[in-house]
file start33.cif (mmCIF, C-alpha atoms)
data_protein
#
loop_
_atom_site.group_PDB
_atom_site.id
_atom_site.type_symbol
_atom_site.label_atom_id
_atom_site.label_comp_id
_atom_site.auth_asym_id
_atom_site.auth_seq_id
_atom_site.Cartn_x
_atom_site.Cartn_y
_atom_site.Cartn_z
ATOM 1 C CA MET F 1 -119.100 30.631 52.579
ATOM 2 C CA ASN F 2 -119.749 32.041 49.152
ATOM 3 C CA SER F 3 -116.338 31.554 47.590
ATOM 4 C CA ASN F 4 -115.513 33.281 44.345
ATOM 5 C CA HIS F 5 -112.760 31.485 42.431
ATOM 6 C CA ASN F 6 -111.633 34.369 40.268
ATOM 7 C CA THR F 7 -109.399 33.031 37.510
ATOM 8 C CA ASN F 8 -108.186 36.548 36.665
ATOM 9 C CA HIS F 9 -105.708 36.320 39.510
ATOM 10 C CA ASN F 10 -102.609 34.444 38.478
ATOM 11 C CA SER F 11 -101.462 32.348 41.430
ATOM 12 C CA ALA F 12 -98.017 33.976 41.279
ATOM 13 C CA HIS F 13 -99.456 37.488 41.292
ATOM 14 C CA TYR F 14 -101.714 37.840 44.279
ATOM 15 C CA PRO F 15 -103.369 41.273 44.582
ATOM 16 C CA ASP F 16 -101.539 43.603 46.953
ATOM 17 C CA TYR F 17 -103.988 45.011 49.498
ATOM 18 C CA HIS F 18 -101.662 47.149 51.617
ATOM 19 C CA LEU F 19 -99.970 49.923 49.658
ATOM 20 C CA HIS F 20 -99.002 53.527 50.407
ATOM 21 C CA THR F 21 -98.585 56.486 48.089
ATOM 22 C CA GLU F 22 -97.986 60.217 48.084
ATOM 23 C CA PHE F 23 -101.281 60.658 49.948
ATOM 24 C CA SER F 24 -99.800 59.081 53.104
ATOM 25 C CA SER F 25 -97.875 61.616 55.147
ATOM 26 C CA ASP F 26 -94.974 59.157 55.500
ATOM 27 C CA CYS F 27 -94.705 58.385 51.777
ATOM 28 C CA THR F 28 -93.646 60.267 48.633
ATOM 29 C CA THR F 29 -94.256 57.577 45.991
ATOM 30 C CA PRO F 30 -96.482 58.915 43.197
ATOM 31 C CA ILE F 31 -99.580 56.787 42.882
ATOM 32 C CA ARG F 32 -99.134 56.388 39.118
ATOM 33 C CA ASP F 33 -95.611 55.057 39.679
ATOM 34 C CA LEU F 34 -96.989 52.495 42.117
ATOM 35 C CA ILE F 35 -99.624 51.390 39.637
ATOM 36 C CA ALA F 36 -97.030 51.140 36.879
ATOM 37 C CA ALA F 37 -94.736 49.047 39.092
ATOM 38 C CA SER F 38 -97.617 46.760 40.003
ATOM 39 C CA ARG F 39 -98.459 46.173 36.357
ATOM 40 C CA GLU F 40 -94.817 45.540 35.494
ATOM 41 C CA LYS F 41 -94.757 42.834 38.178
ATOM 42 C CA GLY F 42 -97.776 41.150 36.631
ATOM 43 C CA LEU F 43 -100.389 42.222 39.162
ATOM 44 C CA THR F 44 -103.836 42.826 37.730
ATOM 45 C CA GLU F 45 -105.357 44.211 40.932
ATOM 46 C CA ILE F 46 -104.159 46.307 43.869
ATOM 47 C CA CYS F 47 -105.775 48.265 46.666
ATOM 48 C CA ILE F 48 -104.362 51.596 47.807
ATOM 49 C CA THR F 49 -104.568 51.898 51.603
ATOM 50 C CA ASP F 50 -103.104 55.225 52.612
ATOM 51 C CA HIS F 51 -102.741 56.155 56.260
ATOM 52 C CA HIS F 52 -105.282 57.932 58.387
ATOM 53 C CA ASP F 53 -104.797 57.989 62.165
ATOM 54 C CA GLU F 54 -107.450 60.139 63.766
ATOM 55 C CA ASP F 55 -106.082 62.104 66.745
ATOM 56 C CA PHE F 56 -102.530 60.964 66.065
ATOM 57 C CA PRO F 57 -100.475 62.471 68.905
ATOM 58 C CA MET F 58 -97.774 64.718 67.512
ATOM 59 C CA ASP F 59 -95.641 64.412 70.634
ATOM 60 C CA THR F 60 -94.707 60.802 69.816
ATOM 61 C CA GLY F 61 -91.566 61.961 68.015
ATOM 62 C CA SER F 62 -93.033 61.318 64.576
ATOM 63 C CA PRO F 63 -92.569 64.012 61.921
ATOM 64 C CA HIS F 64 -95.789 62.797 60.265
ATOM 65 C CA ASP F 65 -99.342 63.570 61.325
ATOM 66 C CA PHE F 66 -100.954 60.621 59.455
ATOM 67 C CA GLN F 67 -103.991 62.694 58.523
ATOM 68 C CA LEU F 68 -105.430 61.866 55.117
ATOM 69 C CA ASP F 69 -106.836 64.622 52.925
ATOM 70 C CA PHE F 70 -110.116 62.954 51.983
ATOM 71 C CA ASP F 71 -111.134 65.789 49.654
ATOM 72 C CA ARG F 72 -108.117 64.996 47.455
ATOM 73 C CA TYR F 73 -107.723 61.281 48.098
ATOM 74 C CA PHE F 74 -111.083 59.817 47.164
ATOM 75 C CA PRO F 75 -111.694 61.861 43.979
ATOM 76 C CA ALA F 76 -108.165 61.056 42.754
ATOM 77 C CA LEU F 77 -108.588 57.320 43.345
ATOM 78 C CA CYS F 78 -112.049 57.236 41.809
ATOM 79 C CA ALA F 79 -110.712 58.935 38.672
ATOM 80 C CA LEU F 80 -107.810 56.483 38.411
ATOM 81 C CA GLN F 81 -110.135 53.565 39.023
ATOM 82 C CA GLU F 82 -112.140 54.585 35.970
ATOM 83 C CA GLU F 83 -109.051 55.324 33.895
ATOM 84 C CA TYR F 84 -107.446 51.905 34.323
ATOM 85 C CA GLN F 85 -110.547 49.772 33.781
ATOM 86 C CA PRO F 86 -110.962 47.144 32.463
ATOM 87 C CA ASP F 87 -107.327 46.073 32.104
ATOM 88 C CA PHE F 88 -106.328 46.797 35.678
ATOM 89 C CA THR F 89 -108.409 46.786 38.848
ATOM 90 C CA LEU F 90 -107.726 49.557 41.336
ATOM 91 C CA LYS F 91 -109.561 49.170 44.629
ATOM 92 C CA ILE F 92 -110.011 52.075 47.020
ATOM 93 C CA GLY F 93 -108.952 51.480 50.586
ATOM 94 C CA ILE F 94 -107.578 53.105 53.684
ATOM 95 C CA GLU F 95 -105.375 52.062 56.592
ATOM 96 C CA GLN F 96 -107.296 53.332 59.563
ATOM 97 C CA GLY F 97 -105.192 53.709 62.696
ATOM 98 C CA ILE F 98 -107.381 52.925 65.704
ATOM 99 C CA MET F 99 -106.916 53.532 69.416
ATOM 100 C CA PRO F 100 -109.359 52.840 72.252
ATOM 101 C CA SER F 101 -109.970 56.587 72.377
ATOM 102 C CA THR F 102 -111.086 56.725 68.711
ATOM 103 C CA CYS F 103 -113.141 53.520 68.361
ATOM 104 C CA GLU F 104 -116.466 55.247 68.879
ATOM 105 C CA LYS F 105 -115.596 58.283 66.767
ATOM 106 C CA MET F 106 -114.506 56.213 63.758
ATOM 107 C CA SER F 107 -117.248 53.591 63.853
ATOM 108 C CA GLY F 108 -119.346 55.355 61.201
ATOM 109 C CA PHE F 109 -116.488 56.165 58.851
ATOM 110 C CA SER F 110 -117.357 53.769 56.014
ATOM 111 C CA ALA F 111 -120.921 55.075 55.786
ATOM 112 C CA ARG F 112 -119.551 58.532 54.989
ATOM 113 C CA TYR F 113 -117.393 57.234 52.129
ATOM 114 C CA PRO F 114 -119.384 54.710 50.081
ATOM 115 C CA MET F 115 -116.635 54.485 47.442
ATOM 116 C CA LEU F 116 -114.492 52.478 49.892
ATOM 117 C CA ASP F 117 -113.754 48.880 48.988
ATOM 118 C CA PHE F 118 -111.534 47.985 51.907
ATOM 119 C CA ILE F 119 -110.449 49.178 55.352
ATOM 120 C CA ILE F 120 -107.398 47.956 57.243
ATOM 121 C CA CYS F 121 -107.687 48.544 60.980
ATOM 122 C CA SER F 122 -104.229 48.974 62.525
ATOM 123 C CA SER F 123 -102.762 49.731 65.925
ATOM 124 C CA HIS F 124 -99.961 52.286 65.677
ATOM 125 C CA VAL F 125 -100.267 54.237 68.914
ATOM 126 C CA VAL F 126 -100.685 53.025 72.509
ATOM 127 C CA ASP F 127 -101.415 55.519 75.285
ATOM 128 C CA GLY F 128 -99.907 58.330 73.243
ATOM 129 C CA PHE F 129 -96.746 56.408 72.356
ATOM 130 C CA ASP F 130 -95.783 54.951 68.981
ATOM 131 C CA PRO F 131 -93.794 51.700 69.461
ATOM 132 C CA TYR F 132 -91.734 52.742 66.438
ATOM 133 C CA TYR F 133 -89.818 55.001 68.835
ATOM 134 C CA PRO F 134 -87.702 53.775 71.793
ATOM 135 C CA ALA F 135 -89.676 55.936 74.255
ATOM 136 C CA TYR F 136 -92.481 53.381 74.158
ATOM 137 C CA PHE F 137 -90.279 50.591 75.512
ATOM 138 C CA GLU F 138 -88.504 52.960 77.883
ATOM 139 C CA LYS F 139 -91.916 53.484 79.463
ATOM 140 C CA TRP F 140 -93.290 49.933 79.394
ATOM 141 C CA GLY F 141 -90.341 47.568 79.042
ATOM 142 C CA GLU F 142 -90.349 44.818 76.437
ATOM 143 C CA ALA F 143 -92.731 42.048 77.578
ATOM 144 C CA PRO F 144 -95.144 44.431 79.375
ATOM 145 C CA GLY F 145 -95.001 46.691 76.307
ATOM 146 C CA TYR F 146 -95.989 43.808 74.062
ATOM 147 C CA ARG F 147 -98.823 42.864 76.402
ATOM 148 C CA LYS F 148 -100.107 46.436 76.548
ATOM 149 C CA TYR F 149 -100.129 46.616 72.757
ATOM 150 C CA PHE F 150 -102.092 43.367 72.417
ATOM 151 C CA GLU F 151 -104.516 44.457 75.158
ATOM 152 C CA ASP F 152 -105.256 47.572 73.107
ATOM 153 C CA ILE F 153 -105.942 45.419 70.056
ATOM 154 C CA LEU F 154 -108.380 43.350 72.109
ATOM 155 C CA TYR F 155 -110.171 46.509 73.182
ATOM 156 C CA ASN F 156 -110.283 47.737 69.592
ATOM 157 C CA VAL F 157 -111.733 44.560 68.079
ATOM 158 C CA THR F 158 -114.256 44.333 70.910
ATOM 159 C CA HIS F 159 -115.465 47.928 70.517
ATOM 160 C CA PHE F 160 -114.908 48.621 66.811
ATOM 161 C CA ALA F 161 -116.118 46.736 63.749
ATOM 162 C CA ASP F 162 -116.036 49.248 60.876
ATOM 163 C CA TYR F 163 -113.169 47.566 59.037
ATOM 164 C CA SER F 164 -112.335 44.672 56.724
ATOM 165 C CA VAL F 165 -109.136 43.147 58.153
ATOM 166 C CA TYR F 166 -106.890 43.870 61.125
ATOM 167 C CA GLY F 167 -103.444 44.876 59.918
ATOM 168 C CA HIS F 168 -99.958 43.691 60.977
ATOM 169 C CA MET F 169 -101.305 42.421 64.279
ATOM 170 C CA ASP F 170 -97.869 41.939 65.844
ATOM 171 C CA TYR F 171 -96.384 45.072 64.264
ATOM 172 C CA ILE F 172 -94.835 45.906 67.627
ATOM 173 C CA LEU F 173 -92.355 43.037 67.249
ATOM 174 C CA ARG F 174 -90.595 44.994 64.497
ATOM 175 C CA TYR F 175 -89.451 47.572 67.011
ATOM 176 C CA GLY F 176 -89.002 45.764 70.322
ATOM 177 C CA PRO F 177 -85.549 45.766 71.948
ATOM 178 C CA THR F 178 -85.004 42.115 70.990
ATOM 179 C CA LYS F 179 -87.613 41.958 68.169
ATOM 180 C CA ALA F 180 -89.243 38.522 68.426
ATOM 181 C CA ASP F 181 -86.321 36.783 70.137
ATOM 182 C CA ASN F 182 -88.144 36.721 73.471
ATOM 183 C CA PHE F 183 -91.654 36.552 72.040
ATOM 184 C CA ASP F 184 -93.630 33.441 72.901
ATOM 185 C CA VAL F 185 -97.265 33.306 71.824
ATOM 186 C CA ARG F 186 -98.062 31.205 74.880
ATOM 187 C CA ASP F 187 -97.373 34.235 77.076
ATOM 188 C CA TYR F 188 -100.252 36.066 75.378
ATOM 189 C CA LEU F 189 -102.429 33.153 74.288
ATOM 190 C CA GLU F 190 -105.540 34.216 76.183
ATOM 191 C CA LEU F 191 -105.351 37.640 74.554
ATOM 192 C CA PHE F 192 -104.971 36.316 71.017
ATOM 193 C CA GLU F 193 -107.751 33.786 71.463
ATOM 194 C CA ALA F 194 -110.057 36.600 72.584
ATOM 195 C CA ILE F 195 -108.846 38.860 69.750
ATOM 196 C CA PHE F 196 -109.498 36.265 67.078
ATOM 197 C CA ARG F 197 -112.857 35.350 68.602
ATOM 198 C CA ALA F 198 -113.986 38.980 68.378
ATOM 199 C CA ILE F 199 -112.687 39.291 64.813
ATOM 200 C CA LEU F 200 -114.517 36.134 63.765
ATOM 201 C CA ASP F 201 -117.712 37.049 65.604
ATOM 202 C CA HIS F 202 -117.812 40.335 63.689
ATOM 203 C CA GLY F 203 -117.191 38.616 60.346
ATOM 204 C CA LYS F 204 -113.828 40.321 59.862
ATOM 205 C CA GLY F 205 -110.411 39.028 58.865
ATOM 206 C CA ILE F 206 -106.679 39.622 59.083
ATOM 207 C CA GLU F 207 -103.894 40.285 56.614
ATOM 208 C CA LEU F 208 -100.674 38.489 55.784
ATOM 209 C CA ASN F 209 -98.313 41.470 55.864
ATOM 210 C CA THR F 210 -94.920 40.784 54.297
ATOM 211 C CA GLY F 211 -93.506 44.197 55.162
ATOM 212 C CA SER F 212 -91.490 42.742 58.033
ATOM 213 C CA LEU F 213 -89.541 40.507 55.630
ATOM 214 C CA TYR F 214 -87.768 43.462 54.033
ATOM 215 C CA ARG F 215 -87.404 45.191 57.396
ATOM 216 C CA GLY F 216 -85.005 42.627 58.808
ATOM 217 C CA MET F 217 -87.367 40.032 60.264
ATOM 218 C CA ASP F 218 -87.629 36.391 59.234
ATOM 219 C CA PHE F 219 -91.434 36.084 59.322
ATOM 220 C CA ALA F 220 -94.389 37.976 57.964
ATOM 221 C CA HIS F 221 -97.061 39.505 60.203
ATOM 222 C CA PRO F 222 -98.663 37.933 62.025
ATOM 223 C CA HIS F 223 -96.222 35.338 63.315
ATOM 224 C CA PRO F 224 -96.895 31.853 61.851
ATOM 225 C CA THR F 225 -98.073 30.582 65.230
ATOM 226 C CA LEU F 226 -100.722 33.312 65.231
ATOM 227 C CA LEU F 227 -101.739 32.487 61.674
ATOM 228 C CA LYS F 228 -102.102 28.866 62.731
ATOM 229 C CA LEU F 229 -104.246 29.825 65.717
ATOM 230 C CA TYR F 230 -106.463 32.043 63.561
ATOM 231 C CA ARG F 231 -107.012 29.213 61.075
ATOM 232 C CA GLU F 232 -107.665 26.643 63.825
ATOM 233 C CA MET F 233 -110.302 28.941 65.305
ATOM 234 C CA GLY F 234 -112.083 29.047 61.957
ATOM 235 C CA GLY F 235 -110.496 32.097 60.354
ATOM 236 C CA GLU F 236 -110.721 32.192 56.564
ATOM 237 C CA ILE F 237 -110.717 35.874 55.578
ATOM 238 C CA ILE F 238 -107.136 36.861 54.805
ATOM 239 C CA THR F 239 -105.551 39.310 52.375
ATOM 240 C CA PHE F 240 -102.022 39.769 51.043
ATOM 241 C CA GLY F 241 -100.315 43.080 51.804
ATOM 242 C CA SER F 242 -96.739 44.232 51.253
ATOM 243 C CA ASP F 243 -97.074 47.479 53.235
ATOM 244 C CA ALA F 244 -94.908 48.983 50.501
ATOM 245 C CA HIS F 245 -94.161 52.693 50.605
ATOM 246 C CA ASP F 246 -92.148 52.427 47.380
ATOM 247 C CA THR F 247 -92.325 50.697 44.009
ATOM 248 C CA VAL F 248 -89.670 48.090 44.840
ATOM 249 C CA HIS F 249 -91.570 46.052 47.419
ATOM 250 C CA VAL F 250 -94.995 45.756 45.790
ATOM 251 C CA GLY F 251 -96.111 42.116 46.089
ATOM 252 C CA HIS F 252 -93.022 41.235 48.112
ATOM 253 C CA ALA F 253 -92.721 37.477 48.874
ATOM 254 C CA PHE F 254 -96.390 36.775 48.160
ATOM 255 C CA ALA F 255 -95.662 33.397 46.553
ATOM 256 C CA GLU F 256 -93.818 32.285 49.700
ATOM 257 C CA GLY F 257 -96.648 33.691 51.793
ATOM 258 C CA ALA F 258 -99.177 31.637 49.862
ATOM 259 C CA GLU F 259 -97.120 28.499 50.476
ATOM 260 C CA LEU F 260 -97.132 29.247 54.189
ATOM 261 C CA LEU F 261 -100.886 29.784 54.230
ATOM 262 C CA ARG F 262 -101.516 26.515 52.396
ATOM 263 C CA SER F 263 -99.258 24.673 54.838
ATOM 264 C CA LEU F 264 -101.382 25.994 57.711
ATOM 265 C CA GLY F 265 -104.640 24.833 56.157
ATOM 266 C CA PHE F 266 -105.839 27.971 54.398
ATOM 267 C CA LYS F 267 -107.631 27.302 51.126
ATOM 268 C CA TYR F 268 -108.537 30.857 50.123
ATOM 269 C CA TYR F 269 -107.308 34.414 50.071
ATOM 270 C CA CYS F 270 -109.610 37.409 49.799
ATOM 271 C CA THR F 271 -110.083 40.536 47.794
ATOM 272 C CA PHE F 272 -112.750 43.102 48.673
ATOM 273 C CA SER F 273 -115.368 45.092 46.828
ATOM 274 C CA LYS F 274 -117.483 47.680 48.660
ATOM 275 C CA LEU F 275 -116.264 46.181 51.952
ATOM 276 C CA GLN F 276 -117.474 42.679 51.043
ATOM 277 C CA PRO F 277 -114.952 39.808 50.909
ATOM 278 C CA GLU F 278 -114.545 37.787 47.749
ATOM 279 C CA PHE F 279 -112.817 34.417 48.122
ATOM 280 C CA HIS F 280 -110.259 33.018 45.692
ATOM 281 C CA MET F 281 -108.409 29.713 45.715
ATOM 282 C CA LEU F 282 -104.829 29.968 46.929
#

call {"tool": "encode", "arguments": {"input": "start33.cif", "output": "structure tokens"}}
result
Amino acid sequence: MNSNHNTNHNSAHYPDYHLHTEFSSDCTTPIRDLIAASREKGLTEICITDHHDEDFPMDTGSPHDFQLDFDRYFPALCALQEEYQPDFTLKIGIEQGIMPSTCEKMSGFSARYPMLDFIICSSHVVDGFDPYYPAYFEKWGEAPGYRKYFEDILYNVTHFADYSVYGHMDYILRYGPTKADNFDVRDYLELFEAIFRAILDHGKGIELNTGSLYRGMDFAHPHPTLLKLYREMGGEIITFGSDAHDTVHVGHAFAEGAELLRSLGFKYYCTFSKLQPEFHML
């Protein structure tokens, strides 16, 4: 591994690589406000990752279509990237919602947008249902609904590799009827082992997503047992992401997240440039 120990990153101010702005259909935070908040918190680098879910089904109950206006988004971020150099590093990313039905269609996305530094691949919709809404669990039930969600992730990572890290891998636990109270990794172990094997075989990574910690859960995504499994299987590529849609939660609980990662045997975290990981000591 070609590790890059970048001393520009203060250990208490890990770069936030999962942030949403006014360009996401579910967010109204002005991008300049987000940058200002990041700088006030001592961050010297962030990556904007606004939502794009191709073929997002509008009958899920969501008022948002999660379609990103690329003609506005990329020129705006490129201009800001230039404006804030060299004192502040703004990386250009996207959170790409993926479903089995869109894997093939989206596989050439990064080639069309060479300004991209980073792509989060996320599962938001399963068989036309968004687990954010109760209708998903009314259809599947809790444990079968979890299994179906993880089966979709396995399909995605097996058939899609145009991304940098897989986002909030157990996102569904935020919205289950009993959250993670009845979640036991052992019930899905064969799925997660296959998921991580595909991720590693493709040279991809995962994120530590702290968004669940300010949404009423007591662990970041993915669950510590999944982080441990990923590390034991050889996983090293991992980014920090707050999933913030506001200025308040930028960099939320990253110091505690770093402690957790170190306790599980991680030595590095990653930033990305032109879709290539750069390794930094935790």

call {"tool": "residues_around", "arguments": {"input": "start33.cif", "residues": "His245 of chain F", "least_positions_apart": "2", "cutoff": "7 Å", "atoms": "all atoms listed in the file", "output": "MDAnalysis selection string"}}
result
chainID F and resid 19:21 27 29 243

call {"tool": "resolve_selection", "arguments": {"input": "start33.cif", "expression": "the PyMOL selection byres ((chain F and resi 32-42) around 12)", "output": "number ranges by chain"}}
result
F: 8-23, 27-31, 43-48, 76-77, 79-81, 83-84, 87-91, 242, 244-252, 254

call {"tool": "closest_residue", "arguments": {"input": "start33.cif", "among": "F:His202, F:Lys274, F:Arg112, F:His168", "to": "Leu227 of chain F", "atoms": "only C-alpha atoms"}}
result
F:His168

call {"tool": "axis_aligned_box", "arguments": {"input": "start33.cif", "around": "segment 224-233 of chain F", "padding_each_side": "3 Å", "output": "lines of an AutoDock Vina configuration file"}}
result
center_x = -103.6
center_y = 30.0
center_z = 63.4
size_x = 19.4
size_y = 12.7
size_z = 10.6

call {"tool": "closest_atom_pairs", "arguments": {"input": "start33.cif", "of": "segment 78-153 of chain F", "to": "segment 203-213 of chain F", "cutoff": "12 Å", "atoms": "only C-alpha atoms", "output": "Markdown table"}}
result
| residue | atom | partner | partner_atom | distance |
| --- | --- | --- | --- | --- |
| F:Glu95 | CA | F:Glu207 | CA | 11.9 |
| F:Phe118 | CA | F:Lys204 | CA | 11.3 |
| F:Ile119 | CA | F:Lys204 | CA | 10.5 |
| F:Ile120 | CA | F:Glu207 | CA | 8.5 |
| F:Cys121 | CA | F:Ile206 | CA | 9.2 |
| F:Ser122 | CA | F:Ile206 | CA | 10.3 |

call {"tool": "write_last_selection", "arguments": {"input": "start33.cif", "atoms": "C-alpha atoms", "output": "mmCIF file, in the coordinates of the input"}}
result
data_model
loop_
_atom_site.group_PDB
_atom_site.id
_atom_site.type_symbol
_atom_site.label_atom_id
_atom_site.label_comp_id
_atom_site.auth_asym_id
_atom_site.auth_seq_id
_atom_site.Cartn_x
_atom_site.Cartn_y
_atom_site.Cartn_z
ATOM 1 C CA GLU F 95 -105.375 52.062 56.592
ATOM 2 C CA PHE F 118 -111.534 47.985 51.907
ATOM 3 C CA ILE F 119 -110.449 49.178 55.352
ATOM 4 C CA ILE F 120 -107.398 47.956 57.243
ATOM 5 C CA CYS F 121 -107.687 48.544 60.980
ATOM 6 C CA SER F 122 -104.229 48.974 62.525
#

call {"tool": "residues_near_point", "arguments": {"input": "start33.cif", "point": "(-113.3, 46.1, 66.7)", "cutoff": "9 Å", "atoms": "all atoms listed in the file", "output": "PyMOL selection string"}}
result
chain F and resi 103+107+121+153-163+166+198-199+202+204

call {"tool": "residues_around", "arguments": {"input": "start33.cif", "residues": "Met233 of chain F", "least_positions_apart": "2", "cutoff": "12 Å", "atoms": "only C-alpha atoms", "output": "VMD selection string"}}
result
chain F and resid 192 to 201 205 226 to 231 235 to 237 265 to 266

call {"tool": "closest_residue", "arguments": {"input": "start33.cif", "among": "F:Glu142, F:His52, F:Phe137, F:Asp71", "to": "Ile98 of chain F", "atoms": "only C-alpha atoms"}}
result
F:His52

call {"tool": "build_atoms", "arguments": {"input": "start33.cif", "residues": "segment 141-159 of chain F", "atoms": "N, CA, C and O atoms", "output": "PDB file, in the coordinates of the input"}}
result
ATOM      1  N   GLY F 141     -91.151  48.779  79.068  1.00  0.00           N
ATOM      2  CA  GLY F 141     -90.341  47.568  79.042  1.00  0.00           C
ATOM      3  C   GLY F 141     -90.792  46.695  77.888  1.00  0.00           C
ATOM      4  O   GLY F 141     -91.805  46.975  77.230  1.00  0.00           O
ATOM      5  N   GLU F 142     -90.056  45.613  77.631  1.00  0.00           N
ATOM      6  CA  GLU F 142     -90.349  44.818  76.437  1.00  0.00           C
ATOM      7  C   GLU F 142     -91.610  43.961  76.592  1.00  0.00           C
ATOM      8  O   GLU F 142     -92.623  44.207  75.921  1.00  0.00           O
ATOM      9  N   ALA F 143     -91.570  42.939  77.457  1.00  0.00           N
ATOM     10  CA  ALA F 143     -92.731  42.048  77.578  1.00  0.00           C
ATOM     11  C   ALA F 143     -93.994  42.794  78.015  1.00  0.00           C
ATOM     12  O   ALA F 143     -95.063  42.601  77.426  1.00  0.00           O
ATOM     13  N   PRO F 144     -93.930  43.672  79.024  1.00  0.00           N
ATOM     14  CA  PRO F 144     -95.144  44.431  79.375  1.00  0.00           C
ATOM     15  C   PRO F 144     -95.604  45.344  78.233  1.00  0.00           C
ATOM     16  O   PRO F 144     -96.802  45.565  78.063  1.00  0.00           O
ATOM     17  N   GLY F 145     -94.643  45.849  77.447  1.00  0.00           N
ATOM     18  CA  GLY F 145     -95.001  46.691  76.307  1.00  0.00           C
ATOM     19  C   GLY F 145     -95.724  45.908  75.228  1.00  0.00           C
ATOM     20  O   GLY F 145     -96.682  46.406  74.623  1.00  0.00           O
ATOM     21  N   TYR F 146     -95.284  44.671  75.003  1.00  0.00           N
ATOM     22  CA  TYR F 146     -95.989  43.808  74.062  1.00  0.00           C
ATOM     23  C   TYR F 146     -97.407  43.532  74.568  1.00  0.00           C
ATOM     24  O   TYR F 146     -98.378  43.630  73.822  1.00  0.00           O
ATOM     25  N   ARG F 147     -97.504  43.181  75.842  1.00  0.00           N
ATOM     26  CA  ARG F 147     -98.823  42.864  76.402  1.00  0.00           C
ATOM     27  C   ARG F 147     -99.761  44.063  76.309  1.00  0.00           C
ATOM     28  O   ARG F 147    -100.931  43.911  75.940  1.00  0.00           O
ATOM     29  N   LYS F 148     -99.273  45.245  76.617  1.00  0.00           N
ATOM     30  CA  LYS F 148    -100.107  46.436  76.548  1.00  0.00           C
ATOM     31  C   LYS F 148    -100.605  46.655  75.123  1.00  0.00           C
ATOM     32  O   LYS F 148    -101.775  47.004  74.897  1.00  0.00           O
ATOM     33  N   TYR F 149     -99.751  46.454  74.156  1.00  0.00           N
ATOM     34  CA  TYR F 149    -100.129  46.616  72.757  1.00  0.00           C
ATOM     35  C   TYR F 149    -101.238  45.638  72.374  1.00  0.00           C
ATOM     36  O   TYR F 149    -102.236  46.021  71.749  1.00  0.00           O
ATOM     37  N   PHE F 150    -101.084  44.377  72.760  1.00  0.00           N
ATOM     38  CA  PHE F 150    -102.092  43.367  72.417  1.00  0.00           C
ATOM     39  C   PHE F 150    -103.393  43.592  73.198  1.00  0.00           C
ATOM     40  O   PHE F 150    -104.484  43.324  72.674  1.00  0.00           O
ATOM     41  N   GLU F 151    -103.301  44.114  74.399  1.00  0.00           N
ATOM     42  CA  GLU F 151    -104.516  44.457  75.158  1.00  0.00           C
ATOM     43  C   GLU F 151    -105.296  45.561  74.451  1.00  0.00           C
ATOM     44  O   GLU F 151    -106.541  45.535  74.425  1.00  0.00           O
ATOM     45  N   ASP F 152    -104.585  46.516  73.870  1.00  0.00           N
ATOM     46  CA  ASP F 152    -105.256  47.572  73.107  1.00  0.00           C
ATOM     47  C   ASP F 152    -105.953  46.994  71.874  1.00  0.00           C
ATOM     48  O   ASP F 152    -107.069  47.406  71.529  1.00  0.00           O
ATOM     49  N   ILE F 153    -105.300  46.051  71.212  1.00  0.00           N
ATOM     50  CA  ILE F 153    -105.942  45.419  70.056  1.00  0.00           C
ATOM     51  C   ILE F 153    -107.223  44.718  70.492  1.00  0.00           C
ATOM     52  O   ILE F 153    -108.262  44.822  69.809  1.00  0.00           O
ATOM     53  N   LEU F 154    -107.176  44.025  71.617  1.00  0.00           N
ATOM     54  CA  LEU F 154    -108.380  43.350  72.109  1.00  0.00           C
ATOM     55  C   LEU F 154    -109.494  44.350  72.366  1.00  0.00           C
ATOM     56  O   LEU F 154    -110.653  44.116  72.000  1.00  0.00           O
ATOM     57  N   TYR F 155    -109.154  45.474  72.967  1.00  0.00           N
ATOM     58  CA  TYR F 155    -110.171  46.509  73.182  1.00  0.00           C
ATOM     59  C   TYR F 155    -110.732  46.973  71.835  1.00  0.00           C
ATOM     60  O   TYR F 155    -111.947  47.100  71.666  1.00  0.00           O
ATOM     61  N   ASN F 156    -109.843  47.221  70.888  1.00  0.00           N
ATOM     62  CA  ASN F 156    -110.283  47.737  69.592  1.00  0.00           C
ATOM     63  C   ASN F 156    -111.246  46.780  68.893  1.00  0.00           C
ATOM     64  O   ASN F 156    -112.299  47.204  68.399  1.00  0.00           O
ATOM     65  N   VAL F 157    -110.879  45.500  68.823  1.00  0.00           N
ATOM     66  CA  VAL F 157    -111.733  44.560  68.079  1.00  0.00           C
ATOM     67  C   VAL F 157    -113.021  44.256  68.830  1.00  0.00           C
ATOM     68  O   VAL F 157    -113.999  43.792  68.235  1.00  0.00           O
ATOM     69  N   THR F 158    -113.040  44.534  70.124  1.00  0.00           N
ATOM     70  CA  THR F 158    -114.256  44.333  70.910  1.00  0.00           C
ATOM     71  C   THR F 158    -115.211  45.510  70.744  1.00  0.00           C
ATOM     72  O   THR F 158    -116.432  45.339  70.789  1.00  0.00           O
ATOM     73  N   HIS F 159    -114.653  46.711  70.540  1.00  0.00           N
ATOM     74  CA  HIS F 159    -115.465  47.928  70.517  1.00  0.00           C
ATOM     75  C   HIS F 159    -115.573  48.585  69.145  1.00  0.00           C
ATOM     76  O   HIS F 159    -116.224  49.627  69.018  1.00  0.00           O
TER      77      HIS F 159
END
